[in-house]
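Containing compact mmCIF, C-alpha atoms: structure-v2.txt.
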```txt
# COMPACT_ATOMS: atom_id res chain seq x y z
CA MET M 24 -63.49 -211.69 20.15
CA GLY M 25 -62.92 -208.23 18.66
CA GLU M 26 -59.51 -208.06 20.27
CA GLU M 27 -58.51 -211.39 18.66
CA ARG M 28 -59.39 -210.15 15.20
CA LYS M 29 -57.52 -206.90 15.76
CA THR M 30 -54.47 -208.85 16.95
CA GLU M 31 -54.66 -211.02 13.83
CA PHE M 32 -54.45 -207.94 11.60
CA ALA M 33 -51.67 -206.47 13.73
CA GLU M 34 -49.60 -209.64 13.49
CA ALA M 35 -50.21 -209.92 9.77
CA CYS M 36 -48.97 -206.36 9.32
CA LEU M 37 -45.84 -206.96 11.41
CA LYS M 38 -45.14 -210.09 9.38
CA LEU M 39 -45.62 -208.29 6.05
CA VAL M 40 -43.41 -205.38 7.07
CA LYS M 41 -40.45 -207.80 7.03
CA GLU M 42 -41.13 -208.51 3.36
CA LYS M 43 -42.20 -205.16 1.98
CA LYS M 44 -42.35 -201.48 2.87
CA LEU M 45 -45.08 -200.42 5.28
CA LYS M 46 -46.36 -197.78 2.89
CA ASP M 47 -46.74 -200.45 0.17
CA ILE M 48 -48.77 -202.79 2.37
CA THR M 49 -52.40 -202.45 1.33
CA VAL M 50 -55.58 -203.45 3.13
CA SER M 51 -55.94 -206.14 0.43
CA ASP M 52 -52.56 -207.60 1.48
CA LEU M 53 -53.79 -207.76 5.06
CA LEU M 54 -57.02 -209.41 4.01
CA HIS M 55 -55.10 -211.95 1.95
CA GLU M 56 -52.73 -212.68 4.83
CA THR M 57 -55.49 -213.13 7.42
CA GLY M 58 -58.15 -214.65 5.16
CA SER M 59 -60.65 -212.02 6.33
CA SER M 60 -63.22 -210.01 4.46
CA ARG M 61 -62.86 -206.28 3.80
CA GLN M 62 -65.94 -205.70 5.93
CA THR M 63 -64.27 -207.37 8.91
CA PHE M 64 -61.22 -205.15 8.59
CA TYR M 65 -63.29 -201.97 8.46
CA ARG M 66 -65.40 -203.09 11.39
CA TYR M 67 -62.31 -202.70 13.58
CA PHE M 68 -60.20 -200.06 11.84
CA TRP M 69 -61.08 -197.05 9.78
CA GLY M 70 -57.88 -197.48 7.80
CA LYS M 71 -54.27 -198.55 7.81
CA GLU M 72 -53.30 -195.55 9.96
CA GLN M 73 -55.51 -196.76 12.77
CA LEU M 74 -54.05 -200.25 12.50
CA ILE M 75 -50.57 -198.71 12.83
CA GLN M 76 -51.69 -196.87 15.96
CA TYR M 77 -53.19 -200.08 17.31
CA ILE M 78 -49.95 -201.99 16.70
CA TYR M 79 -47.95 -199.33 18.50
CA THR M 80 -50.23 -199.25 21.53
CA SER M 81 -50.97 -202.94 21.88
CA LYS M 82 -47.68 -204.52 20.76
CA ILE M 83 -45.07 -202.01 21.83
CA ALA M 84 -46.14 -199.32 24.32
CA GLY M 85 -48.76 -201.40 26.17
CA PRO M 86 -46.52 -204.36 27.06
CA VAL M 87 -43.63 -202.09 28.13
CA LYS M 88 -45.96 -200.10 30.39
CA LYS M 89 -47.52 -203.24 31.84
CA HIS M 90 -44.17 -204.85 32.47
CA TYR M 91 -43.04 -201.75 34.31
CA LEU M 92 -46.14 -201.56 36.49
CA ASP M 93 -45.97 -205.29 37.29
CA HIS M 94 -42.24 -205.78 37.70
CA GLY M 95 -40.52 -202.37 37.77
CA GLY M 96 -37.01 -202.53 36.32
CA ASN M 97 -35.40 -200.22 33.83
CA PHE M 98 -38.27 -198.65 31.93
CA LEU M 99 -36.18 -196.74 29.40
CA SER M 100 -33.96 -199.71 28.54
CA ASN M 101 -36.95 -202.00 28.15
CA LEU M 102 -38.65 -199.47 25.92
CA LEU M 103 -35.56 -199.10 23.76
CA TYR M 104 -35.06 -202.87 23.45
CA SER M 105 -38.67 -203.18 22.36
CA TYR M 106 -38.08 -200.43 19.80
CA ILE M 107 -35.07 -202.27 18.41
CA ASP M 108 -37.20 -205.42 18.03
CA ASN M 109 -39.75 -203.42 16.05
CA ASN M 110 -37.27 -201.17 14.29
CA ASP M 111 -38.57 -201.71 10.73
CA PHE M 112 -42.13 -201.02 11.67
CA LEU M 113 -41.39 -197.96 13.80
CA THR M 114 -39.00 -196.17 11.45
CA GLN M 115 -41.32 -196.68 8.50
CA ALA M 116 -44.39 -195.57 10.44
CA GLN M 117 -42.50 -192.48 11.63
CA ALA M 118 -41.52 -191.57 8.05
CA ASP M 119 -45.19 -191.11 7.17
CA SER M 120 -46.46 -189.29 10.22
CA PRO M 121 -45.10 -187.92 13.52
CA TYR M 122 -47.42 -190.25 15.47
CA ILE M 123 -44.67 -192.56 16.76
CA GLN M 124 -42.52 -189.71 18.03
CA GLN M 125 -45.49 -188.05 19.72
CA GLN M 126 -46.45 -191.30 21.41
CA THR M 127 -42.88 -191.96 22.50
CA THR M 128 -42.81 -188.51 24.07
CA MET M 129 -46.10 -189.19 25.86
CA LEU M 130 -44.90 -192.55 27.10
CA ILE M 131 -41.77 -191.08 28.65
CA GLU M 132 -43.83 -188.26 30.11
CA TRP M 133 -46.14 -190.83 31.69
CA TRP M 134 -43.18 -192.63 33.23
CA LEU M 135 -41.53 -189.51 34.62
CA ALA M 136 -44.81 -188.07 35.91
CA LEU M 137 -45.57 -191.36 37.63
CA HIS M 138 -42.36 -191.10 39.67
CA TYR M 139 -42.82 -187.47 40.45
CA SER M 140 -46.43 -187.76 41.51
CA ILE M 141 -45.85 -190.79 43.74
CA ILE M 142 -43.23 -188.97 45.76
CA LYS M 143 -44.31 -185.38 45.50
CA GLY M 144 -48.07 -185.56 45.01
CA ALA M 145 -49.86 -183.84 42.17
CA LEU M 146 -47.59 -182.06 39.74
CA ASN M 147 -47.69 -178.31 39.54
CA GLN M 148 -47.57 -176.54 36.19
CA ARG M 149 -43.84 -175.85 36.37
CA GLN M 150 -42.95 -179.45 37.20
CA TYR M 151 -45.19 -180.69 34.44
CA GLU M 152 -43.51 -178.37 31.93
CA LYS M 153 -40.09 -179.55 32.98
CA ILE M 154 -41.11 -183.16 32.56
CA HIS M 155 -42.63 -182.33 29.20
CA PHE M 156 -39.38 -180.70 28.09
CA TYR M 157 -37.35 -183.80 28.96
CA SER M 158 -39.88 -186.07 27.28
CA LEU M 159 -39.77 -184.01 24.09
CA GLY M 160 -35.99 -184.29 23.99
CA ALA M 161 -36.04 -188.03 24.64
CA GLY M 162 -38.81 -188.69 22.10
CA SER M 163 -36.97 -186.81 19.40
CA MET M 164 -33.59 -188.37 20.18
CA ILE M 165 -34.98 -191.90 20.25
CA MET M 166 -36.25 -191.43 16.70
CA GLU M 167 -32.86 -190.17 15.57
CA TRP M 168 -31.21 -193.08 17.36
CA LEU M 169 -33.47 -195.62 15.64
CA LEU M 170 -32.57 -194.23 12.23
CA SER M 171 -28.85 -194.06 12.94
CA ASP M 172 -26.52 -196.71 11.49
CA SER M 173 -23.99 -196.68 14.30
CA ARG M 174 -26.17 -196.53 17.34
CA SER M 175 -25.29 -197.15 20.94
CA THR M 176 -26.95 -200.01 22.84
CA PRO M 177 -30.34 -199.40 24.51
CA SER M 178 -28.74 -199.55 27.98
CA GLU M 179 -26.07 -197.01 27.02
CA LEU M 180 -28.65 -194.63 25.61
CA ALA M 181 -30.91 -195.05 28.64
CA ASN M 182 -27.99 -194.19 30.94
CA HIS M 183 -27.11 -191.14 28.87
CA PHE M 184 -30.71 -189.97 29.12
CA LYS M 185 -30.76 -190.30 32.86
CA LEU M 186 -27.71 -188.07 33.21
CA CYS M 187 -29.65 -185.35 31.38
CA PHE M 188 -32.54 -185.40 33.84
CA PRO M 189 -32.45 -182.92 36.72
CA GLU M 190 -30.76 -184.18 39.86
CA ASP M 191 -33.95 -184.59 41.89
CA MET M 192 -35.46 -186.66 39.10
CA GLN M 193 -32.34 -188.83 38.87
CA TYR M 194 -32.65 -189.45 42.58
CA LEU M 195 -36.31 -190.41 42.27
CA LEU M 196 -35.62 -192.77 39.39
CA ARG M 197 -32.87 -194.47 41.34
CA TYR M 198 -34.76 -194.99 44.57
CA THR M 199 -38.45 -195.20 43.78
CA ILE M 200 -39.84 -198.67 43.38
CA ILE M 201 -43.17 -198.69 41.66
CA HIS M 202 -45.84 -201.00 43.05
CA ILE M 203 -49.37 -200.33 41.94
CA MET D 18 -16.79 -158.51 -3.66
CA ALA D 19 -18.42 -161.92 -3.84
CA VAL D 20 -22.19 -161.95 -4.23
CA ASP D 21 -23.95 -163.73 -1.40
CA MET D 22 -26.42 -165.62 -3.54
CA GLU D 23 -28.00 -167.42 -0.58
CA LYS D 24 -28.74 -164.10 1.09
CA ILE D 25 -30.20 -162.64 -2.12
CA LEU D 26 -32.55 -165.61 -2.53
CA SER D 27 -33.46 -165.62 1.15
CA ASP D 28 -34.18 -161.87 1.17
CA THR D 29 -36.37 -162.26 -1.90
CA PHE D 30 -38.28 -165.09 -0.30
CA TRP D 31 -38.67 -163.06 2.89
CA ARG D 32 -39.96 -160.05 0.94
CA LEU D 33 -42.47 -162.20 -0.92
CA SER D 34 -43.63 -163.79 2.36
CA CYS D 35 -44.52 -160.32 3.67
CA GLU D 36 -46.87 -159.82 0.73
CA ARG D 37 -48.56 -163.22 0.49
CA SER D 38 -48.89 -166.63 2.11
CA VAL D 39 -45.81 -168.83 2.32
CA LYS D 40 -47.72 -171.72 0.77
CA SER D 41 -48.44 -169.73 -2.38
CA ILE D 42 -44.78 -168.84 -3.00
CA LYS D 43 -43.35 -171.16 -5.63
CA LEU D 44 -39.75 -171.54 -6.68
CA ALA D 45 -40.54 -169.78 -9.97
CA ASP D 46 -41.78 -166.73 -8.03
CA VAL D 47 -38.52 -166.48 -6.11
CA LEU D 48 -36.50 -166.85 -9.33
CA ILE D 49 -38.46 -164.15 -11.18
CA ALA D 50 -38.40 -161.72 -8.24
CA SER D 51 -34.67 -162.19 -7.65
CA GLY D 52 -33.57 -162.50 -11.29
CA VAL D 53 -31.60 -165.64 -10.38
CA SER D 54 -31.53 -168.65 -12.73
CA ARG D 55 -32.89 -172.03 -11.70
CA GLN D 56 -29.45 -173.59 -12.08
CA THR D 57 -27.92 -171.02 -9.74
CA PHE D 58 -30.68 -171.66 -7.22
CA TYR D 59 -29.90 -175.38 -7.22
CA ASN D 60 -26.21 -174.64 -6.73
CA HIS D 61 -27.13 -173.26 -3.32
CA PHE D 62 -30.33 -175.00 -2.19
CA ARG D 63 -31.81 -178.40 -2.87
CA ASN D 64 -35.37 -177.13 -2.77
CA MET D 65 -37.72 -174.50 -1.36
CA ARG D 66 -37.67 -176.19 2.02
CA ASP D 67 -33.91 -175.63 2.27
CA LEU D 68 -34.41 -171.98 1.40
CA ILE D 69 -37.07 -171.61 4.11
CA ILE D 70 -34.81 -173.25 6.71
CA TYR D 71 -31.92 -170.99 5.68
CA THR D 72 -34.18 -167.94 5.97
CA ILE D 73 -35.30 -168.84 9.48
CA ILE D 74 -31.76 -169.48 10.65
CA GLU D 75 -30.54 -166.28 9.03
CA ARG D 76 -33.36 -164.13 10.37
CA PHE D 77 -33.96 -165.52 13.83
CA THR D 78 -30.74 -166.94 15.12
CA ALA D 79 -27.54 -165.13 16.00
CA TYR D 80 -25.29 -167.12 18.25
CA PRO D 81 -22.21 -165.65 19.92
CA PRO D 82 -18.85 -167.40 19.32
CA THR D 83 -18.57 -168.38 22.97
CA VAL D 84 -21.18 -169.85 25.25
CA PRO D 85 -23.10 -167.14 27.13
CA ASN D 86 -23.34 -167.25 30.92
CA ILE D 87 -26.61 -168.39 32.44
CA ASN D 88 -28.18 -164.91 32.58
CA GLU D 89 -27.16 -164.16 29.03
CA TYR D 90 -28.49 -167.56 28.05
CA TYR D 91 -31.91 -166.61 29.40
CA ASP D 92 -31.73 -163.15 27.82
CA SER D 93 -30.77 -164.49 24.41
CA ALA D 94 -33.67 -166.97 24.64
CA VAL D 95 -36.08 -164.13 25.41
CA PHE D 96 -34.66 -162.16 22.48
CA PHE D 97 -35.08 -165.18 20.19
CA TYR D 98 -38.69 -165.84 21.23
CA LYS D 99 -39.57 -162.16 21.00
CA SER D 100 -38.27 -161.95 17.45
CA ILE D 101 -40.37 -164.99 16.59
CA THR D 102 -43.55 -163.49 18.06
CA GLU D 103 -42.96 -160.39 15.94
CA HIS D 104 -43.28 -162.62 12.88
CA LYS D 105 -45.96 -164.88 14.27
CA ASP D 106 -47.88 -165.34 11.00
CA PHE D 107 -44.80 -166.28 9.05
CA MET D 108 -43.56 -168.77 11.63
CA MET D 109 -46.95 -170.39 12.08
CA GLN D 110 -47.37 -170.83 8.34
CA VAL D 111 -43.93 -172.33 7.95
CA TYR D 112 -44.34 -174.79 10.82
CA LYS D 113 -47.81 -175.79 9.63
CA LEU D 114 -46.41 -176.58 6.19
CA ASP D 115 -43.69 -178.74 7.74
CA ASP D 116 -45.76 -181.90 8.19
CA LYS D 117 -42.74 -184.22 8.23
CA GLY D 118 -40.97 -182.37 11.04
CA THR D 119 -37.85 -181.50 9.00
CA LEU D 120 -37.74 -177.98 10.37
CA PRO D 121 -37.12 -178.88 14.03
CA ALA D 122 -34.57 -181.46 12.83
CA ALA D 123 -32.67 -178.84 10.79
CA MET D 124 -32.80 -176.32 13.62
CA THR D 125 -31.60 -178.99 16.05
CA ASN D 126 -28.55 -179.69 13.88
CA TYR D 127 -27.76 -176.03 13.46
CA TYR D 128 -28.06 -175.28 17.17
CA PHE D 129 -26.08 -178.36 18.15
CA GLU D 130 -23.23 -177.49 15.77
CA TRP D 131 -23.04 -174.02 17.33
CA PHE D 132 -23.06 -175.44 20.85
CA LYS D 133 -20.31 -177.88 19.94
CA ARG D 134 -18.09 -175.13 18.54
CA THR D 135 -18.16 -173.30 21.87
CA VAL D 136 -16.46 -176.17 23.72
CA PRO D 137 -12.86 -175.19 24.52
CA GLU D 138 -10.13 -177.59 23.38
CA THR D 139 -9.04 -177.94 26.96
CA TYR D 140 -12.35 -179.47 28.02
CA SER D 141 -11.90 -182.80 29.80
CA SER D 142 -11.99 -185.70 27.37
CA ILE D 143 -13.63 -187.88 30.02
CA TRP D 144 -16.70 -185.66 30.24
CA LEU D 145 -16.80 -184.60 26.61
CA PRO D 146 -19.10 -187.39 25.31
CA GLU D 147 -21.57 -186.72 28.13
CA LEU D 148 -21.45 -182.99 27.52
CA LEU D 149 -22.07 -183.44 23.80
CA PHE D 150 -24.94 -185.80 24.55
CA SER D 151 -26.46 -183.23 26.93
CA MET D 152 -26.14 -180.57 24.24
CA LYS D 153 -27.79 -182.79 21.69
CA TYR D 154 -30.55 -183.72 24.09
CA ASP D 155 -31.19 -180.10 25.01
CA THR D 156 -31.30 -178.96 21.38
CA HIS D 157 -33.75 -181.74 20.51
CA ALA D 158 -36.04 -180.82 23.40
CA LEU D 159 -35.75 -177.11 22.69
CA ASN D 160 -36.68 -177.39 19.03
CA GLN D 161 -39.60 -179.69 19.71
CA LEU D 162 -40.79 -177.25 22.37
CA ASN D 163 -40.46 -174.35 19.91
CA ARG D 164 -42.51 -176.28 17.39
CA GLU D 165 -45.27 -176.94 19.91
CA TRP D 166 -45.22 -173.36 21.11
CA ILE D 167 -45.40 -171.92 17.60
CA LEU D 168 -48.12 -174.30 16.41
CA GLY D 169 -50.04 -173.69 19.64
CA GLY D 170 -50.32 -170.03 18.69
CA MET D 171 -47.48 -168.75 20.97
CA LYS D 172 -49.83 -168.31 23.91
CA GLU D 173 -47.12 -168.24 26.57
CA SER D 174 -44.89 -165.17 26.79
CA PRO D 175 -41.27 -165.26 25.51
CA GLU D 176 -40.11 -164.81 29.12
CA TYR D 177 -42.14 -167.80 30.26
CA VAL D 178 -40.85 -170.13 27.52
CA SER D 179 -37.29 -168.92 28.08
CA GLY D 180 -37.75 -169.68 31.78
CA ILE D 181 -38.69 -173.28 31.00
CA CYS D 182 -35.66 -173.73 28.71
CA THR D 183 -33.26 -172.25 31.23
CA ASP D 184 -34.78 -174.16 34.14
CA ALA D 185 -34.73 -177.47 32.35
CA LEU D 186 -31.10 -177.41 31.19
CA PRO D 187 -29.50 -180.84 31.75
CA PRO D 188 -27.26 -180.65 34.86
CA LEU D 189 -23.95 -181.13 33.03
CA LEU D 190 -24.84 -178.52 30.44
CA ARG D 191 -25.86 -176.09 33.15
CA ASP D 192 -22.48 -176.60 34.86
CA TYR D 193 -20.77 -176.02 31.54
CA ILE D 194 -22.70 -172.80 30.82
CA GLU D 195 -22.07 -171.51 34.31
CA ASN D 196 -18.36 -172.21 34.01
CA PRO D 197 -17.16 -173.49 30.61
CA THR D 198 -13.59 -174.04 31.81
CA SER D 199 -14.50 -175.91 35.00
CA PHE D 200 -13.81 -179.31 33.44
CA ALA D 201 -10.57 -178.31 31.79
```

Rewrite the structure from the file as structure tokens, please.
Amino acid sequence: MGEERKTEFAEACLKLVKEKKLKDITVSDLLHETGSSRQTFYRYFWGKEQLIQYIYTSKIAGPVKKHYLDHGGNFLSNLLYSYIDNNDFLTQAQADSPYIQQQTTMLIEWWLALHYSIIKGALNQRQYEKIHFYSLGAGSMIMEWLLSDSRSTPSELANHFKLCFPEDMQYLLRYTIIHI
Amino acid sequence: MAVDMEKILSDTFWRLSCERSVKSIKLADVLIASGVSRQTFYNHFRNMRDLIIYTIIERFTAYPPTVPNINEYYDSAVFFYKSITEHKDFMMQVYKLDDKGTLPAAMTNYYFEWFKRTVPETYSSIWLPELLFSMKYDTHALNQLNREWILGGMKESPEYVSGICTDALPPLLRDYIENPTSFA
């Protein structure tokens, strides 16, 4: 039940972001769009920032992660395509706080660590730091890419990224099939 | 001899930052202390943030005209991180004030432009886009790592952080640094 209400607010926000700027969308707008009371909104979110975080996790990062765990495929490309679909929301949310970039970094770190740990067991500190370094670079570049006017396609960018990973990681990404 | 107005303003800002917190230094303070007019300031910088970025680049970065070899790369990283730790308070204040992340973005651009200038004209045009992408990627990662390290209180030693940066160089960039003319 709670999840349904949260989804309603998330969808209302994503709809409104097509009409006006994210920073101009007020809680009142969301209440008007969903026909809910203020009390209902605050039962689930402490503010608009938390709704933004919820949208990112449940509508963007969550589905990409789930799809990868269920079906495998090209994680980076799928993530980037999903970012393109939610471009307006993501770039505007990023302008107000570094949350989106941080989460993007964490998501890529999760993906890389998953591959590493399946093949090589628990990560040691050095491996973790290396993975973190690559994730930081990717997270930061994806944000720049989203804001750019003449951007390459998601598949092109994903391929470029892979060439930047160390050779052992490239090998793992090519040959590891994830089944969990 | 032409007056280097940017350096005068940057030196004034630096001097003031040694006496008080960065947050408390207003544009008016810099203008009074340097004797420079507001109009002249705006001829060189858009705002205080630009002046801070200029000061960091001027004080903490000195890149050679050609790409260093891999050992020099590590050494210059150690030198860079050591000079930052010597001004820990200043750097932490500046990065804390930068809530929108413009500082890493500006440093990324600066570092990338330098990297790009080191590429010889004879470098293979087939590999050039990939090399430039690797450079961009590396500079993004590096500046985000610096930000985390500085805001985290610089707990790891300069040698340790430099080790991570050198270790984690993208393969094509590593090849390039080890032998810049290999793809000519």

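Using only C-alpha atoms, the nearest neighbour of Leu33 in chain D within the list D:Trp166, D:Glu75, D:His61, D:Phe107 is D:Phe107.
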
Inset, instruction - Select, from D:Tyr193, D:Phe150, D:Tyr71, D:Phe58, the residue with the minimum atom-to-atom distance to chain M, counting all atoms listed in the file. - result: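 The shortest atom-to-atom distance to chain M comes from D:Phe150.
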
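Only residues having an atom at most 10 Å from (-54.7, -207.5, 3.6) are included; using all atoms listed in the file, these are Phe32, Ala35, Cys36, Leu39, Ile48, Thr49, Val50, Ser51, Asp52, Leu53, Leu54, His55, Glu56, Thr57, Gly58, Ser59, Ser60, Arg61, Phe64 and Lys71 of chain M.
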
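A straight line drawn from CA of Ala185 in chain D to CA of Ile69 in chain D is 28.9 Å long.
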
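One finds CA of Arg164 in chain D at 11.8 Å from CA of Tyr98 in chain D.
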
Inset, instruction - Give the residues of chain D that lie within 10 Å of chain M; count all atoms listed in the file, and format the answer as a PyMOL selection string. - result: chain D and resi 116-118+121-122+146-148+150-162+165+178+180-182+184-190

Legend entry - Contacts of Ile83 in chain M within 10 Å, all atoms listed in the file, excl. fewer than 3 positions in-chain, as JSON, numbers by chain: {"M": [77, 78, 79, 80, 86, 87, 88, 102, 105, 106, 108, 109, 113]}

Inset, instruction - Mind giving me the straight-line distance from CA of Ser54 in chain D to CA of Lys24 in chain D in Å, one decimal? - result: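 Those two atoms sit 14.8 Å apart.
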
Tell me, as a compact mmCIF listing (two decimals) with C-alpha atoms, in the frame of the given file, which residues lie within 12 Å of Ile74 in chain D, counting only C-alpha atoms; anything in the same chain fewer than 5 positions away does not count.
```txt
# COMPACT_ATOMS: atom_id res chain seq x y z
CA LYS D 24 -28.74 -164.10 1.09
CA SER D 27 -33.46 -165.62 1.15
CA ASP D 67 -33.91 -175.63 2.27
CA LEU D 68 -34.41 -171.98 1.40
CA ILE D 69 -37.07 -171.61 4.11
CA ALA D 79 -27.54 -165.13 16.00
CA TYR D 80 -25.29 -167.12 18.25
CA PHE D 97 -35.08 -165.18 20.19
CA ILE D 101 -40.37 -164.99 16.59
CA MET D 108 -43.56 -168.77 11.63
CA LEU D 120 -37.74 -177.98 10.37
CA PRO D 121 -37.12 -178.88 14.03
CA ALA D 123 -32.67 -178.84 10.79
CA MET D 124 -32.80 -176.32 13.62
CA THR D 125 -31.60 -178.99 16.05
CA ASN D 126 -28.55 -179.69 13.88
CA TYR D 127 -27.76 -176.03 13.46
CA TYR D 128 -28.06 -175.28 17.17
CA TRP D 131 -23.04 -174.02 17.33
```

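For the residues D:Lys40, D:Met22, D:Arg32, D:Pro81, ranking by smallest atom-to-atom distance to Val53 in chain D using all atoms listed in the file places D:Met22 first.
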
Which centre and which edge lengths, in Å to one decimal, describe the axis-aligned box that holds all listed atoms of range 44-48 of chain D after 6 Å is added on each side, as lines of an AutoDock Vina configuration file?
```
center_x = -39.1
center_y = -169.0
center_z = -8.0
size_x = 17.3
size_y = 17.1
size_z = 15.9
```

Would you mind listing what lies within 10 Å of Thr83 in chain D as a short mmCIF file (atom, residue, chain, number, x, y, z; two decimals) with C-alpha atoms, keeping the file's coordinate frame, with only C-alpha atoms counted and same-chain residues fewer than 3 positions away left out?
```
data_model
loop_
_atom_site.label_atom_id
_atom_site.label_comp_id
_atom_site.auth_asym_id
_atom_site.auth_seq_id
_atom_site.Cartn_x
_atom_site.Cartn_y
_atom_site.Cartn_z
CA TYR D 80 -25.29 -167.12 18.25
CA ASN D 86 -23.34 -167.25 30.92
CA TRP D 131 -23.04 -174.02 17.33
CA PHE D 132 -23.06 -175.44 20.85
CA ARG D 134 -18.09 -175.13 18.54
CA THR D 135 -18.16 -173.30 21.87
CA VAL D 136 -16.46 -176.17 23.72
CA PRO D 137 -12.86 -175.19 24.52
CA ILE D 194 -22.70 -172.80 30.82
CA PRO D 197 -17.16 -173.49 30.61
#
```

Inset, instruction - Between D:Ser174, D:His104, D:Glu89, D:Thr57, single out the one closest to Cys35 in chain D, counting all atoms listed in the file. - result: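 Result for the nearest residue to Cys35 in chain D: D:His104.
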
Legend entry - Long-range neighbours of Leu45 in chain M as a list of chain:residue names, 8 Å cut-off, all atoms listed in the file, 2 positions minimum in chain: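 Contacts, in chain order: M:Leu39, M:Val40, M:Lys43, M:Asp47, M:Ile48, M:Phe112, M:Gln115, M:Ala116.
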
Please rebuild range 137-153 of chain D with N, CA and C atoms and give the result as an mmCIF file, keeping the file's coordinate frame.
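So the final result, stored in rebuild-v6.cif, reads:
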```cif
data_model
loop_
_atom_site.group_PDB
_atom_site.id
_atom_site.type_symbol
_atom_site.label_atom_id
_atom_site.label_comp_id
_atom_site.auth_asym_id
_atom_site.auth_seq_id
_atom_site.Cartn_x
_atom_site.Cartn_y
_atom_site.Cartn_z
ATOM 1 N N PRO D 137 -14.296 -175.457 24.655
ATOM 2 C CA PRO D 137 -12.860 -175.190 24.520
ATOM 3 C C PRO D 137 -12.074 -176.493 24.336
ATOM 4 N N GLU D 138 -10.947 -176.388 23.642
ATOM 5 C CA GLU D 138 -10.130 -177.590 23.380
ATOM 6 C C GLU D 138 -9.637 -178.241 24.662
ATOM 7 N N THR D 139 -9.579 -177.426 25.692
ATOM 8 C CA THR D 139 -9.040 -177.940 26.960
ATOM 9 C C THR D 139 -10.083 -178.725 27.766
ATOM 10 N N TYR D 140 -11.289 -178.794 27.261
ATOM 11 C CA TYR D 140 -12.350 -179.470 28.020
ATOM 12 C C TYR D 140 -11.994 -180.952 28.243
ATOM 13 N N SER D 141 -12.270 -181.424 29.437
ATOM 14 C CA SER D 141 -11.900 -182.800 29.800
ATOM 15 C C SER D 141 -12.455 -183.834 28.820
ATOM 16 N N SER D 142 -11.551 -184.702 28.341
ATOM 17 C CA SER D 142 -11.990 -185.700 27.370
ATOM 18 C C SER D 142 -12.903 -186.756 28.013
ATOM 19 N N ILE D 143 -12.800 -186.889 29.337
ATOM 20 C CA ILE D 143 -13.630 -187.880 30.020
ATOM 21 C C ILE D 143 -15.099 -187.453 29.981
ATOM 22 N N TRP D 144 -15.325 -186.155 30.179
ATOM 23 C CA TRP D 144 -16.700 -185.660 30.240
ATOM 24 C C TRP D 144 -17.251 -185.235 28.894
ATOM 25 N N LEU D 145 -16.363 -185.137 27.899
ATOM 26 C CA LEU D 145 -16.800 -184.600 26.610
ATOM 27 C C LEU D 145 -17.991 -185.352 25.986
ATOM 28 N N PRO D 146 -17.954 -186.699 25.923
ATOM 29 C CA PRO D 146 -19.100 -187.390 25.310
ATOM 30 C C PRO D 146 -20.417 -187.087 26.031
ATOM 31 N N GLU D 147 -20.346 -187.019 27.370
ATOM 32 C CA GLU D 147 -21.570 -186.720 28.130
ATOM 33 C C GLU D 147 -22.050 -185.301 27.862
ATOM 34 N N LEU D 148 -21.088 -184.386 27.775
ATOM 35 C CA LEU D 148 -21.450 -182.990 27.520
ATOM 36 C C LEU D 148 -22.114 -182.872 26.140
ATOM 37 N N LEU D 149 -21.508 -183.520 25.148
ATOM 38 C CA LEU D 149 -22.070 -183.440 23.800
ATOM 39 C C LEU D 149 -23.464 -184.079 23.757
ATOM 40 N N PHE D 150 -23.615 -185.168 24.503
ATOM 41 C CA PHE D 150 -24.940 -185.800 24.550
ATOM 42 C C PHE D 150 -25.954 -184.840 25.182
ATOM 43 N N SER D 151 -25.550 -184.187 26.267
ATOM 44 C CA SER D 151 -26.460 -183.230 26.930
ATOM 45 C C SER D 151 -26.836 -182.096 25.982
ATOM 46 N N MET D 152 -25.863 -181.642 25.207
ATOM 47 C CA MET D 152 -26.140 -180.570 24.240
ATOM 48 C C MET D 152 -27.131 -181.038 23.199
ATOM 49 N N LYS D 153 -26.907 -182.243 22.724
ATOM 50 C CA LYS D 153 -27.790 -182.790 21.690
ATOM 51 C C LYS D 153 -29.208 -182.942 22.252
#
```
